[in-house]
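Visitor: My structure is below; once you've seen it, I'll send some questions.
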Amino acid sequence: MNNISLSLVVLRFTDLERAARFYESLGLKFIRHGHGGGPEHLSAELGGCIFEVYPQSPKEATTIGTRIGFRVPSLDAVIMALSDFPAAIVTPPQESPWGRRAVVSDPEGHRI
């Protein structure tokens, strides 16, 4: 079991289109999917991992509280691209032991 890697992340949103605009600001490219009888959702492939955005159903638990991270080519460019989401910046870019980082919050409240 030495070759374990993450292959799927699914987050749920009350407004899929707003979520798509937010994550597209980070550089993700989505395509629409539907599997069997499941709901239509958005999917982006990120280096072997699939990141999916599903509609929030009253029958399913929320994914709020889930925290994810992305490595991006330019943190400053991402922060500028989030200008349509001014409340998104939780912690502005700063140096850390793990490199330059920022914390942002998507429209549903997931921390990134």
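Chain identifiers are assigned as A, B, and so on, following the order in which chains appear in the structure tokens; residues are numbered from 1 within each chain, and ligands are numbered from 1 in order of appearance.
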Give me, as a PyMOL selection string, all polymer residues having an atom no more than 12 Å from Glu17 in chain A, counting only C-alpha atoms and skipping those fewer than 6 positions away in the same chain.
Guide: chain A and resi 23-24+30+32+40-42+53-55+107-108
Visitor: List every residue of chain A that DSSP, applied to the backbone of this structure, assigns to helix (DSSP H, G or I), and report them as a short mmCIF file (atom, residue, chain, number, x, y, z; two decimals) with C-alpha atoms, in the first residue's frame.
Guide:
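Output file result-v1.cif follows:
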```cif
data_model
loop_
_atom_site.label_atom_id
_atom_site.label_comp_id
_atom_site.auth_asym_id
_atom_site.auth_seq_id
_atom_site.Cartn_x
_atom_site.Cartn_y
_atom_site.Cartn_z
CA LEU A 16 -23.73 25.25 -8.15
CA GLU A 17 -23.24 28.12 -10.59
CA ARG A 18 -21.83 30.43 -7.91
CA ALA A 19 -19.57 27.64 -6.68
CA ALA A 20 -18.36 27.06 -10.25
CA ARG A 21 -17.55 30.76 -10.71
CA PHE A 22 -15.59 30.76 -7.44
CA TYR A 23 -13.52 27.66 -8.23
CA GLU A 24 -12.99 28.76 -11.83
CA SER A 25 -11.38 31.89 -10.31
CA LEU A 75 -1.22 32.98 -5.20
CA ASP A 76 -1.34 36.72 -5.97
CA ALA A 77 -3.15 36.04 -9.27
CA VAL A 78 -5.73 33.87 -7.47
CA ILE A 79 -6.34 36.51 -4.80
CA MET A 80 -6.84 39.12 -7.55
CA ALA A 81 -9.17 36.75 -9.45
CA LEU A 82 -11.34 36.46 -6.34
CA SER A 83 -12.26 40.16 -6.52
CA ASP A 84 -15.84 39.12 -7.37
CA PRO A 86 -14.60 40.12 -1.59
CA ALA A 87 -15.62 38.27 1.57
CA ALA A 88 -13.65 35.19 0.45
#
```
Visitor: Within 10 Å of Arg100 in chain A, counting only C-alpha atoms, which residues qualify if same-chain residues fewer than 3 places away don't, as a list of chain:residue names?
Guide: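 Skipping anything fewer than 3 positions along the chain leaves A:Ser74, A:Leu75, A:Asp76, A:Pro93, A:Gln94, A:Glu95, A:Ser96, A:Pro97.
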Visitor: Can you check which residues of chain A DSSP gives as strand (DSSP E or B) on the backbone and send them as a PyMOL selection string?
Guide: chain A and resi 8-13+31-33+41-46+49-55+67+89-96+99-105+111
Visitor: When you count only C-alpha atoms, which of these residues is closest to Thr91 in chain A: A:Val103, A:Ile112, A:Val9, A:Cys49?
Guide: A:Val103
Visitor: Find the residues near Ile4 in chain A: any atom within 12 Å, counting only C-alpha atoms, skip ones fewer than 2 places away on the same chain, and give them as number ranges by chain.
Guide: A: 1-2, 6-7, 48-49
Visitor: Dump all heavy atoms for the selected residues as a PDB file, in the first residue's frame?
Guide:
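And here is the file that came out, result.pdb:
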```pdb
ATOM      1  N   MET A   1       0.825  -1.202   0.000  1.00  0.00           N
ATOM      2  CA  MET A   1       0.000   0.000   0.000  1.00  0.00           C
ATOM      3  C   MET A   1       0.865   1.259   0.000  1.00  0.00           C
ATOM      4  O   MET A   1       0.493   2.259   0.559  1.00  0.00           O
ATOM      5  CB  MET A   1      -0.921   0.002   1.219  1.00  0.00           C
ATOM      6  CG  MET A   1      -1.936  -1.112   1.283  1.00  0.00           C
ATOM      7  SD  MET A   1      -3.293  -0.949   0.144  1.00  0.00           S
ATOM      8  CE  MET A   1      -4.291   0.282   0.917  1.00  0.00           C
ATOM      9  N   ASN A   2       2.018   1.235  -0.637  1.00  0.00           N
ATOM     10  CA  ASN A   2       2.892   2.398  -0.677  1.00  0.00           C
ATOM     11  C   ASN A   2       2.447   3.457  -1.669  1.00  0.00           C
ATOM     12  O   ASN A   2       2.891   4.582  -1.603  1.00  0.00           O
ATOM     13  CB  ASN A   2       4.322   1.975  -1.000  1.00  0.00           C
ATOM     14  CG  ASN A   2       4.928   1.189   0.127  1.00  0.00           C
ATOM     15  OD1 ASN A   2       4.521   1.329   1.260  1.00  0.00           O
ATOM     16  ND2 ASN A   2       5.896   0.353  -0.188  1.00  0.00           N
ATOM     17  N   LEU A   6      -4.787  10.484  -3.298  1.00  0.00           N
ATOM     18  CA  LEU A   6      -6.153  10.972  -3.247  1.00  0.00           C
ATOM     19  C   LEU A   6      -6.733  10.947  -4.656  1.00  0.00           C
ATOM     20  O   LEU A   6      -6.075  11.383  -5.617  1.00  0.00           O
ATOM     21  CB  LEU A   6      -6.161  12.407  -2.695  1.00  0.00           C
ATOM     22  CG  LEU A   6      -7.521  13.045  -2.465  1.00  0.00           C
ATOM     23  CD1 LEU A   6      -8.295  12.294  -1.385  1.00  0.00           C
ATOM     24  CD2 LEU A   6      -7.336  14.504  -2.066  1.00  0.00           C
ATOM     25  N   SER A   7      -7.961  10.446  -4.816  1.00  0.00           N
ATOM     26  CA  SER A   7      -8.536  10.358  -6.153  1.00  0.00           C
ATOM     27  C   SER A   7      -9.850  11.113  -6.321  1.00  0.00           C
ATOM     28  O   SER A   7     -10.263  11.380  -7.439  1.00  0.00           O
ATOM     29  CB  SER A   7      -8.750   8.892  -6.550  1.00  0.00           C
ATOM     30  OG  SER A   7      -9.716   8.299  -5.719  1.00  0.00           O
ATOM     31  N   GLY A  48      -4.857  13.823 -11.613  1.00  0.00           N
ATOM     32  CA  GLY A  48      -5.200  12.487 -11.151  1.00  0.00           C
ATOM     33  C   GLY A  48      -6.263  12.448 -10.073  1.00  0.00           C
ATOM     34  O   GLY A  48      -6.736  11.388  -9.698  1.00  0.00           O
ATOM     35  N   CYS A  49      -6.647  13.592  -9.547  1.00  0.00           N
ATOM     36  CA  CYS A  49      -7.714  13.672  -8.541  1.00  0.00           C
ATOM     37  C   CYS A  49      -8.916  14.360  -9.178  1.00  0.00           C
ATOM     38  O   CYS A  49      -8.768  15.338  -9.903  1.00  0.00           O
ATOM     39  CB  CYS A  49      -7.241  14.459  -7.317  1.00  0.00           C
ATOM     40  SG  CYS A  49      -8.481  14.563  -6.007  1.00  0.00           S
TER      41      CYS A  49
END
```
Visitor: Between A:Asp15, A:Thr66, A:Ile31, A:Pro73, which one has atoms that come closest to Ser105 in chain A, using only C-alpha atoms?
Guide: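 Distance minimum relative to Ser105 in chain A lands on A:Thr66.
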Visitor: Work out how far CA of Glu52 in chain A is from CA of Leu8 in chain A, in Å to one decimal.
Guide: 7.6 Å
Visitor: So that I can check the surroundings of Arg111 in chain A, please list as number ranges by chain every protein, DNA and RNA residue that reaches within 9 Å of it, counting only C-alpha atoms and ignoring chain neighbours fewer than 3 positions away.
Guide: A: 64-69, 90, 103-106
Visitor: Enter the distance from CA of Gly109 in chain A to CA of Leu46 in chain A, in Å, rounded to one decimal.
Guide: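 These atoms are spaced 21.4 Å apart.
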